[in-house]
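Novice: First the structure, which I've put down as structure tokens, then a few questions once you've had a look.
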There are 2 protein chains.
Amino acid sequence: MMVTVPVTVAGLKKACSQCNLLELCLPFGMVDSDIRRLDELVGARRKIKRQQPLYRTSDPFEAIYAIRIGSFKTDVLLEDGREQVTGFQMTGEILGLDGISTELHSCNAIALEDSEVCVIPYAKLEELARIVEGLQHQFHKVMSREIVRDHGVMMLLGSMRAEERLAAFLLNMSQRFTARGFSASEFHLRMTREEIGSYLGLKLETVSRAFSRFQDEGLVAVQQKHIRILDDSGLKRLIQHQACMR
Amino acid sequence: MMVTVPVTVAGLKKACSQCNLLELCLPFGMVDSDIRRLDELVGARRKIKRQQPLYRTSDPFEAIYAIRIGSFKTDVLLEDGREQVTGFQMTGEILGLDGISTELHSCNAIALEDSEVCVIPYAKLEELARIVEGLQHQFHKVMSREIVRDHGVMMLLGSMRAEERLAAFLLNMSQRFTARGFSASEFHLRMTREEIGSYLGLKLETVSRAFSRFQDEGLVAVQQKHIRILDDSGLKRLIQHQACMR
DNA sequence: TCGCGCGGTTGATCCAAGTCAACCAGAAAG
DNA sequence: CTTTCTGGTTGACTTGGATCAACCGCGCGA
């Protein structure tokens, strides 16, 4: 059943220049005068309720989205129902880049909690990027960063064992929470064990067991979705521990 | 030991407009008049001998590369020596996009055979993309396509079993050879079993065994690197066969 | 307040892929 | 022509993570 998602066509100017997500989002690294020109770019904001899609596979592509509030997962589905979570996105991160290539979205973007995004109409973005050099450059960096991130996930999926994957995941989350001004050592995961498992190429039981083992070893304190990292360097060591076996 | 790679600073104009790779490469979908403007973009060509790097992790990023002749692999290395092959690239495909985000390359690009690339200085590309709308759009599509491709690999690594991964790999190679005017059913792989394994998140023995099983089942004829696909739809079926188990 | 259901944990067992090891074939070097 | 080396195949055995199943506990709605 298709639910129409409320669209706030707020005539709000100053979308970017007054946003405190600046240094995490598309405008990062742009000069103030250029950022002011971005304000005209963000046409509207859109609220997405928990578990609802921002877009779905094969939806026509018209815009990319900057997360203002909340968080998302992206996933691809195989015909037989298998799901692969391809990423988790937090405030300031950009969603929808997958759609540019075919002008259809190639994955689903689902809100992990009640969220809000800035809608950036793609045609407008290209137009403005031709005029504002800083925007062009930043946009390319955002896409490139996504490619680099994906390579990291491939490394994770292709070459690491279960505990290494989870350790890498936790350190990555910690680092991203830090960048947003939250605690590096204590945070709340928005996704289920199953979603973490899908992202890491593991079953939820394996994720759960790895969490328990980390807890036993005093690396983290886990209470459901609430995580406290007790031994950051222990987790880091875990990722490279293979070194001694070669 | 660092080997200086020969750089042909050919003053050859008409780089793109006379290239028969057109419809596979960056200019795909651009109008003729725009393509002619691309000619000034391709500064030089560069030959890379088999096994030699086009660029390496943490090399400064200055240009992206279009493959004219030959093929490459890209990989990332972990401190402990583990290698993850992140992709195999053929003629017309673009290398180096990973470098835009940090202005340092984040992977190694190694020639699988004696190869030649067109060097596209990145600063020049951005400049021209601001003027030539078609170029801008194409370039974005190329980056987006890379992101979508990466998501496919994640699906492969995260959710598929060994034989499914190899089947998907073979079908993908077949499809890309076809696009280049070669036979869809008979081709020569340029990479070793170990490289295929690294790409697919498997050990070379597992790759070898899967090849043998495919051969036994009459799906393909394998003779070292020479592959003949005998039952294309059998391979396709294999990828989705999980459906019946749900 | 109680009961229900979803998400999470834990245990027992199984199996796909990894590991280790021997061997083979073709290409390159002497 | 023989030797060597690299890449590939195959077999025997091991193992990490999947599977199956029971159970727990928190949060929510009646």
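Residues in the structure tokens are numbered from 1 in each chain, the chains being A, B, ... in the order shown, and ligands are numbered from 1 in the order shown.
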For Asp114 of chain A, work out the shell of residues within 9 Å, counting only C-alpha atoms (C1' of nucleotides) and skipping chain neighbours fewer than 4 positions away, then give it as a ChimeraX atom specification.
Specialist: /A:47-52,69-71
Novice: Go ahead and save the picked residues with N, CA and C atoms, as a PDB file, in the first residue's frame.
Specialist:
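Printed below is selection-v5.pdb as written:
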```
ATOM      1  N   LYS A  47       9.380  15.209   5.605  1.00  0.00           N
ATOM      2  CA  LYS A  47       9.463  14.385   6.812  1.00  0.00           C
ATOM      3  C   LYS A  47       9.139  12.945   6.439  1.00  0.00           C
ATOM      4  N   ILE A  48       9.901  12.021   6.977  1.00  0.00           N
ATOM      5  CA  ILE A  48       9.659  10.597   6.732  1.00  0.00           C
ATOM      6  C   ILE A  48       9.512   9.909   8.084  1.00  0.00           C
ATOM      7  N   LYS A  49       8.427   9.208   8.236  1.00  0.00           N
ATOM      8  CA  LYS A  49       8.203   8.479   9.486  1.00  0.00           C
ATOM      9  C   LYS A  49       9.068   7.221   9.514  1.00  0.00           C
ATOM     10  N   ARG A  50       9.411   6.800  10.710  1.00  0.00           N
ATOM     11  CA  ARG A  50      10.148   5.554  10.938  1.00  0.00           C
ATOM     12  C   ARG A  50       9.588   4.411  10.092  1.00  0.00           C
ATOM     13  N   GLN A  51      10.482   3.677   9.463  1.00  0.00           N
ATOM     14  CA  GLN A  51      10.139   2.511   8.640  1.00  0.00           C
ATOM     15  C   GLN A  51       9.570   2.860   7.270  1.00  0.00           C
ATOM     16  N   GLN A  52       9.365   4.157   7.024  1.00  0.00           N
ATOM     17  CA  GLN A  52       8.811   4.550   5.728  1.00  0.00           C
ATOM     18  C   GLN A  52       9.944   4.815   4.742  1.00  0.00           C
ATOM     19  N   ILE A  69      17.465  15.568   9.895  1.00  0.00           N
ATOM     20  CA  ILE A  69      17.162  14.971  11.194  1.00  0.00           C
ATOM     21  C   ILE A  69      16.955  13.482  10.983  1.00  0.00           C
ATOM     22  N   GLY A  70      17.514  12.676  11.870  1.00  0.00           N
ATOM     23  CA  GLY A  70      17.229  11.246  11.821  1.00  0.00           C
ATOM     24  C   GLY A  70      18.291  10.433  11.125  1.00  0.00           C
ATOM     25  N   SER A  71      17.901   9.256  10.679  1.00  0.00           N
ATOM     26  CA  SER A  71      18.850   8.381   9.996  1.00  0.00           C
ATOM     27  C   SER A  71      18.114   7.379   9.103  1.00  0.00           C
TER      28      SER A  71
END
```
Novice: Taking only residues of chain C that have an atom at most 12 Å from an atom of chain B, what is each one's shortest atom pair and its distance in Å to one decimal, using only C-alpha atoms (C1' of nucleotides), in chain and number order, as JSON lines?
Specialist:
```
{"residue": "C:DA16", "atom": "C1'", "partner": "B:Arg161", "partner_atom": "CA", "distance": 8.4}
{"residue": "C:DA17", "atom": "C1'", "partner": "B:Thr206", "partner_atom": "CA", "distance": 7.1}
{"residue": "C:DG18", "atom": "C1'", "partner": "B:Lys203", "partner_atom": "CA", "distance": 7.4}
{"residue": "C:DT19", "atom": "C1'", "partner": "B:Glu205", "partner_atom": "CA", "distance": 9.9}
{"residue": "C:DC20", "atom": "C1'", "partner": "B:Glu205", "partner_atom": "CA", "distance": 11.4}
{"residue": "C:DA25", "atom": "C1'", "partner": "B:Gln224", "partner_atom": "CA", "distance": 9.9}
{"residue": "C:DG26", "atom": "C1'", "partner": "B:Gln224", "partner_atom": "CA", "distance": 10.0}
```
Novice: Mind dumping the selected residues with C-alpha atoms (C1' of nucleotides) as an mmCIF file, in the first residue's frame?
Specialist:
```
data_model
loop_
_atom_site.group_PDB
_atom_site.id
_atom_site.type_symbol
_atom_site.label_atom_id
_atom_site.label_comp_id
_atom_site.auth_asym_id
_atom_site.auth_seq_id
_atom_site.Cartn_x
_atom_site.Cartn_y
_atom_site.Cartn_z
ATOM 1 C "C1'" DA C 16 30.064 -24.450 3.127
ATOM 2 C "C1'" DA C 17 34.183 -22.707 2.601
ATOM 3 C "C1'" DG C 18 38.862 -22.371 4.450
ATOM 4 C "C1'" DT C 19 43.260 -24.653 5.247
ATOM 5 C "C1'" DC C 20 46.955 -27.602 4.258
ATOM 6 C "C1'" DA C 25 50.496 -28.185 -16.832
ATOM 7 C "C1'" DG C 26 52.154 -24.691 -19.509
#
```
Novice: Could you make a table, as a tab-separated table, of the residues of chain D that have an atom within 8 Å of an atom of chain B, each with its nearest atom pair and distance in Å to one decimal, counting only C-alpha atoms (C1' of nucleotides), in chain and number order?
Specialist:
```
residue	atom	partner	partner_atom	distance
D:DG7	C1'	B:Thr192	CA	7.4
D:DG8	C1'	B:Gln224	CA	7.1
D:DT9	C1'	B:Ser208	CA	7.0
```
Novice: Using only C-alpha atoms (C1' of nucleotides), please write the residues we just selected to a file, as a compact mmCIF listing (two decimals), in the first residue's frame.
Specialist:
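Produced file again_35.txt, reproduced below:
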```
# COMPACT_ATOMS: atom_id res chain seq x y z
C1' DG D 7 49.12 -20.65 -11.68
C1' DG D 8 45.70 -24.13 -11.43
C1' DT D 9 43.49 -28.46 -9.77
```
Novice: Run DSSP on the backbone and tell me which residues of segment 1-160 of chain A come out as helix (DSSP H, G or I); list them as a tab-separated table (two decimals) with N, CA and C atoms, in the first residue's frame.
Specialist:
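For reference, states-v6.tsv as written:
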```tsv
chain	number	residue	atom	x	y	z
A	22	LEU	N	26.06	22.38	8.31
A	22	LEU	CA	26.98	22.87	7.30
A	22	LEU	C	28.23	22.02	7.06
A	23	GLU	N	29.02	21.90	8.11
A	23	GLU	CA	30.35	21.30	7.91
A	23	GLU	C	30.30	19.78	7.75
A	24	LEU	N	29.10	19.22	7.79
A	24	LEU	CA	28.96	17.78	7.57
A	24	LEU	C	28.30	17.49	6.23
A	32	ASP	N	31.40	31.26	2.16
A	32	ASP	CA	30.10	31.77	2.59
A	32	ASP	C	29.26	32.31	1.43
A	33	SER	N	29.91	33.06	0.56
A	33	SER	CA	29.16	33.69	-0.53
A	33	SER	C	28.53	32.61	-1.43
A	34	ASP	N	29.27	31.51	-1.61
A	34	ASP	CA	28.72	30.42	-2.41
A	34	ASP	C	27.60	29.70	-1.68
A	35	ILE	N	27.78	29.55	-0.38
A	35	ILE	CA	26.77	28.83	0.40
A	35	ILE	C	25.44	29.56	0.32
A	36	ARG	N	25.51	30.88	0.32
A	36	ARG	CA	24.27	31.63	0.25
A	36	ARG	C	23.51	31.33	-1.05
A	37	ARG	N	24.29	31.02	-2.09
A	37	ARG	CA	23.63	30.71	-3.36
A	37	ARG	C	22.99	29.32	-3.32
A	38	LEU	N	23.38	28.53	-2.36
A	38	LEU	CA	22.78	27.20	-2.22
A	38	LEU	C	21.35	27.28	-1.71
A	97	LEU	N	22.19	9.34	-4.67
A	97	LEU	CA	23.19	9.42	-5.74
A	97	LEU	C	23.12	8.24	-6.70
A	98	ASP	N	22.63	7.12	-6.21
A	98	ASP	CA	22.47	5.92	-7.04
A	98	ASP	C	21.55	6.15	-8.23
A	99	GLY	N	20.66	7.14	-8.10
A	99	GLY	CA	19.66	7.33	-9.15
A	99	GLY	C	20.14	8.04	-10.40
A	122	TYR	N	17.58	17.61	-8.67
A	122	TYR	CA	18.85	17.33	-9.31
A	122	TYR	C	19.14	18.26	-10.49
A	123	ALA	N	18.11	18.57	-11.26
A	123	ALA	CA	18.31	19.44	-12.42
A	123	ALA	C	18.85	20.80	-11.96
A	124	LYS	N	18.28	21.28	-10.88
A	124	LYS	CA	18.70	22.55	-10.31
A	124	LYS	C	20.15	22.47	-9.82
A	125	LEU	N	20.47	21.35	-9.22
A	125	LEU	CA	21.83	21.16	-8.70
A	125	LEU	C	22.85	21.22	-9.83
A	126	GLU	N	22.57	20.52	-10.92
A	126	GLU	CA	23.51	20.52	-12.05
A	126	GLU	C	23.66	21.94	-12.59
A	127	GLU	N	22.53	22.60	-12.69
A	127	GLU	CA	22.54	23.97	-13.21
A	127	GLU	C	23.43	24.88	-12.35
A	128	LEU	N	23.19	24.83	-11.05
A	128	LEU	CA	23.93	25.69	-10.14
A	128	LEU	C	25.41	25.29	-10.07
A	129	ALA	N	25.66	23.99	-10.22
A	129	ALA	CA	27.05	23.51	-10.15
A	129	ALA	C	27.87	24.03	-11.32
A	130	ARG	N	27.17	24.37	-12.41
A	130	ARG	CA	27.88	24.91	-13.57
A	130	ARG	C	28.31	26.36	-13.33
A	131	ILE	N	27.63	27.00	-12.39
A	131	ILE	CA	27.93	28.40	-12.09
A	131	ILE	C	28.81	28.52	-10.86
A	133	GLU	N	31.48	27.14	-8.75
A	133	GLU	CA	32.58	26.18	-8.84
A	133	GLU	C	32.70	25.35	-7.55
A	134	GLY	N	32.55	26.03	-6.42
A	134	GLY	CA	32.69	25.35	-5.14
A	134	GLY	C	31.66	24.26	-4.97
A	135	LEU	N	30.47	24.50	-5.46
A	135	LEU	CA	29.40	23.50	-5.36
A	135	LEU	C	29.75	22.29	-6.22
A	136	GLN	N	30.18	22.57	-7.43
A	136	GLN	CA	30.57	21.48	-8.33
A	136	GLN	C	31.60	20.59	-7.67
A	137	HIS	N	32.62	21.24	-7.15
A	137	HIS	CA	33.73	20.49	-6.55
A	137	HIS	C	33.25	19.68	-5.35
A	138	GLN	N	32.45	20.31	-4.50
A	138	GLN	CA	31.95	19.61	-3.32
A	138	GLN	C	31.09	18.42	-3.70
A	139	PHE	N	30.27	18.62	-4.67
A	139	PHE	CA	29.38	17.54	-5.10
A	139	PHE	C	30.19	16.34	-5.61
A	140	HIS	N	31.22	16.63	-6.38
A	140	HIS	CA	32.07	15.55	-6.86
A	140	HIS	C	32.74	14.83	-5.70
A	141	LYS	N	33.14	15.59	-4.71
A	141	LYS	CA	33.78	14.97	-3.55
A	141	LYS	C	32.82	14.06	-2.81
A	142	VAL	N	31.58	14.51	-2.69
A	142	VAL	CA	30.59	13.69	-2.01
A	142	VAL	C	30.41	12.36	-2.74
A	143	MET	N	30.33	12.41	-4.06
A	143	MET	CA	30.17	11.17	-4.83
A	143	MET	C	31.40	10.28	-4.68
A	144	SER	N	32.55	10.89	-4.78
A	144	SER	CA	33.79	10.13	-4.68
A	144	SER	C	33.91	9.48	-3.30
A	145	ARG	N	33.52	10.23	-2.27
A	145	ARG	CA	33.59	9.70	-0.91
A	145	ARG	C	32.71	8.46	-0.77
A	146	GLU	N	31.58	8.51	-1.43
A	146	GLU	CA	30.68	7.36	-1.42
A	146	GLU	C	31.36	6.14	-2.06
A	147	ILE	N	32.07	6.37	-3.14
A	147	ILE	CA	32.78	5.27	-3.81
A	147	ILE	C	33.85	4.70	-2.90
A	148	VAL	N	34.60	5.56	-2.25
A	148	VAL	CA	35.65	5.11	-1.34
A	148	VAL	C	35.05	4.33	-0.17
A	149	ARG	N	33.96	4.86	0.36
A	149	ARG	CA	33.27	4.17	1.45
A	149	ARG	C	32.85	2.76	1.01
A	150	ASP	N	32.30	2.67	-0.18
A	150	ASP	CA	31.86	1.37	-0.69
A	150	ASP	C	33.02	0.40	-0.79
A	151	HIS	N	34.18	0.90	-1.20
A	151	HIS	CA	35.36	0.02	-1.29
A	151	HIS	C	35.73	-0.50	0.09
A	152	GLY	N	35.57	0.36	1.08
A	152	GLY	CA	35.83	-0.07	2.46
A	152	GLY	C	34.90	-1.19	2.88
A	153	VAL	N	33.64	-1.07	2.50
A	153	VAL	CA	32.68	-2.12	2.84
A	153	VAL	C	33.03	-3.42	2.11
A	154	MET	N	33.50	-3.30	0.87
A	154	MET	CA	33.91	-4.50	0.14
A	154	MET	C	35.04	-5.21	0.86
A	155	MET	N	36.00	-4.43	1.31
A	155	MET	CA	37.12	-4.98	2.09
A	155	MET	C	36.59	-5.74	3.29
A	156	LEU	N	35.67	-5.09	3.97
A	156	LEU	CA	35.05	-5.67	5.15
A	156	LEU	C	34.36	-7.00	4.82
A	157	LEU	N	33.54	-6.98	3.79
A	157	LEU	CA	32.76	-8.16	3.42
A	157	LEU	C	33.63	-9.26	2.82
A	158	GLY	N	34.65	-8.84	2.10
A	158	GLY	CA	35.44	-9.81	1.35
A	158	GLY	C	36.58	-10.41	2.14
A	159	SER	N	37.13	-9.65	3.07
A	159	SER	CA	38.38	-10.10	3.69
A	159	SER	C	38.38	-10.18	5.21
```
Novice: Taking only segment 60-140 of chain B into account, list the residues labelled strand (DSSP E) by DSSP (computed from the backbone), as a ChimeraX atom specification.
Specialist: /B:63-69,72-77,83-89,94-95,108-111,115-121
Novice: Any idea what's packed within 12 Å of DG25 of chain D, counting only C-alpha atoms (C1' of nucleotides), ignoring anything in its chain fewer than 3 positions away? Could you give it as a ChimeraX atom specification?
Specialist: /A:223-224 /C:5-9
Novice: With N, CA and C atoms (P, O5', C5', C4', C3', O3' and C1' of nucleotides) retained, export the selected residues as a PDB file, in the first residue's frame.
Specialist:
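Listing of part.pdb after writing:
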```pdb
ATOM      1  N   GLN A 223      23.785  -2.991  25.872  1.00  0.00           N
ATOM      2  CA  GLN A 223      22.466  -3.222  26.439  1.00  0.00           C
ATOM      3  C   GLN A 223      21.467  -2.908  25.334  1.00  0.00           C
ATOM      4  N   GLN A 224      21.048  -3.979  24.673  1.00  0.00           N
ATOM      5  CA  GLN A 224      20.190  -3.843  23.497  1.00  0.00           C
ATOM      6  C   GLN A 224      20.875  -2.924  22.478  1.00  0.00           C
TER       7      GLN A 224
ATOM      8  P    DG C   5       0.431 -12.024  19.762  1.00  0.00           P
ATOM      9  O5'  DG C   5       1.671 -11.149  19.261  1.00  0.00           O
ATOM     10  C5'  DG C   5       1.563  -9.725  19.215  1.00  0.00           C
ATOM     11  C4'  DG C   5       2.949  -9.143  18.998  1.00  0.00           C
ATOM     12  C3'  DG C   5       3.830 -10.008  18.090  1.00  0.00           C
ATOM     13  O3'  DG C   5       4.632  -9.134  17.311  1.00  0.00           O
ATOM     14  C1'  DG C   5       4.876  -9.740  20.165  1.00  0.00           C
ATOM     15  P    DC C   6       5.287  -9.572  15.940  1.00  0.00           P
ATOM     16  O5'  DC C   6       6.473  -8.521  15.773  1.00  0.00           O
ATOM     17  C5'  DC C   6       6.427  -7.241  16.413  1.00  0.00           C
ATOM     18  C4'  DC C   6       7.769  -6.985  17.063  1.00  0.00           C
ATOM     19  C3'  DC C   6       8.963  -7.446  16.223  1.00  0.00           C
ATOM     20  O3'  DC C   6       9.870  -6.362  16.132  1.00  0.00           O
ATOM     21  C1'  DC C   6       9.124  -8.311  18.426  1.00  0.00           C
ATOM     22  P    DG C   7      11.140  -6.402  15.141  1.00  0.00           P
ATOM     23  O5'  DG C   7      12.350  -6.421  16.161  1.00  0.00           O
ATOM     24  C5'  DG C   7      12.404  -5.434  17.186  1.00  0.00           C
ATOM     25  C4'  DG C   7      13.425  -5.883  18.184  1.00  0.00           C
ATOM     26  C3'  DG C   7      14.732  -6.330  17.542  1.00  0.00           C
ATOM     27  O3'  DG C   7      15.778  -5.653  18.221  1.00  0.00           O
ATOM     28  C1'  DG C   7      13.906  -8.025  18.984  1.00  0.00           C
ATOM     29  P    DG C   8      17.305  -5.932  17.926  1.00  0.00           P
ATOM     30  O5'  DG C   8      17.637  -7.002  19.048  1.00  0.00           O
ATOM     31  C5'  DG C   8      17.629  -6.603  20.410  1.00  0.00           C
ATOM     32  C4'  DG C   8      17.973  -7.792  21.258  1.00  0.00           C
ATOM     33  C3'  DG C   8      19.317  -8.449  20.915  1.00  0.00           C
ATOM     34  O3'  DG C   8      20.155  -8.309  22.054  1.00  0.00           O
ATOM     35  C1'  DG C   8      17.596 -10.053  21.221  1.00  0.00           C
ATOM     36  P    DT C   9      21.658  -8.885  22.036  1.00  0.00           P
ATOM     37  O5'  DT C   9      21.469 -10.325  22.707  1.00  0.00           O
ATOM     38  C5'  DT C   9      20.966 -10.403  24.044  1.00  0.00           C
ATOM     39  C4'  DT C   9      20.876 -11.850  24.460  1.00  0.00           C
ATOM     40  C3'  DT C   9      22.167 -12.665  24.339  1.00  0.00           C
ATOM     41  O3'  DT C   9      22.460 -13.152  25.639  1.00  0.00           O
ATOM     42  C1'  DT C   9      20.330 -13.868  23.446  1.00  0.00           C
TER      43       DT C   9
END
```
Novice: Determine the nearest neighbour of chain B from the options A:Ala184, A:Val42, A:Met30, A:Leu77, counting only C-alpha atoms.
Specialist: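 Result for the nearest residue to chain B: A:Leu77.
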Novice: Could you check how far atom CA of Leu78 of chain A sits from atom CA of Leu166 of chain B, in Å to one decimal?
Specialist: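 Separation of atom CA of Leu78 of chain A and atom CA of Leu166 of chain B: 16.5 Å.
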Novice: Given only C-alpha atoms as the basis, pick out the residue of A:Ile94, A:Leu41, A:Cys107, A:Val222 nearest to Arg56 of chain A.
Specialist: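 So, comparing all the options, the nearest one is A:Cys107.
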Novice: Counting only C-alpha atoms, figure out which residue out of A:Phe88, A:Phe211, A:Phe169, A:Tyr199 gets nearest to chain B.
Specialist: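 Looking at the shortest contact to chain B, the residue is A:Tyr199.
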Novice: Could you give me, as a ChimeraX atom specification, the residues within 10 Å of Met173 of chain A, counting only C-alpha atoms (C1' of nucleotides) and dropping anything in the same chain fewer than 5 positions from it?
Specialist: /A:88,90,167-168,178-179,184-185,187-189
Novice: Kindly indicate which residue among B:Ile196, B:Leu104, B:Val117, B:Leu21 lies nearest to Lys73 of chain B, using only C-alpha atoms for the distances.
Specialist: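 Of all the options, B:Ile196 lies closest to Lys73 of chain B.
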Novice: Quick one: of B:Arg180, B:Arg190, B:Arg228, B:Arg165, who's nearest to chain A, counting only C-alpha atoms?
Specialist: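 For chain A, the nearest of the given residues is B:Arg165.
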Novice: Between atom CA of Ile67 of chain A and atom CA of Cys118 of chain A, what is the spacing in Å?
Specialist: 6.4 Å
Novice: Which distance in Å separates atom CA of Glu103 of chain B and atom CA of Glu195 of chain B, to one decimal?
Specialist: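 A separation of 27.0 Å between them.
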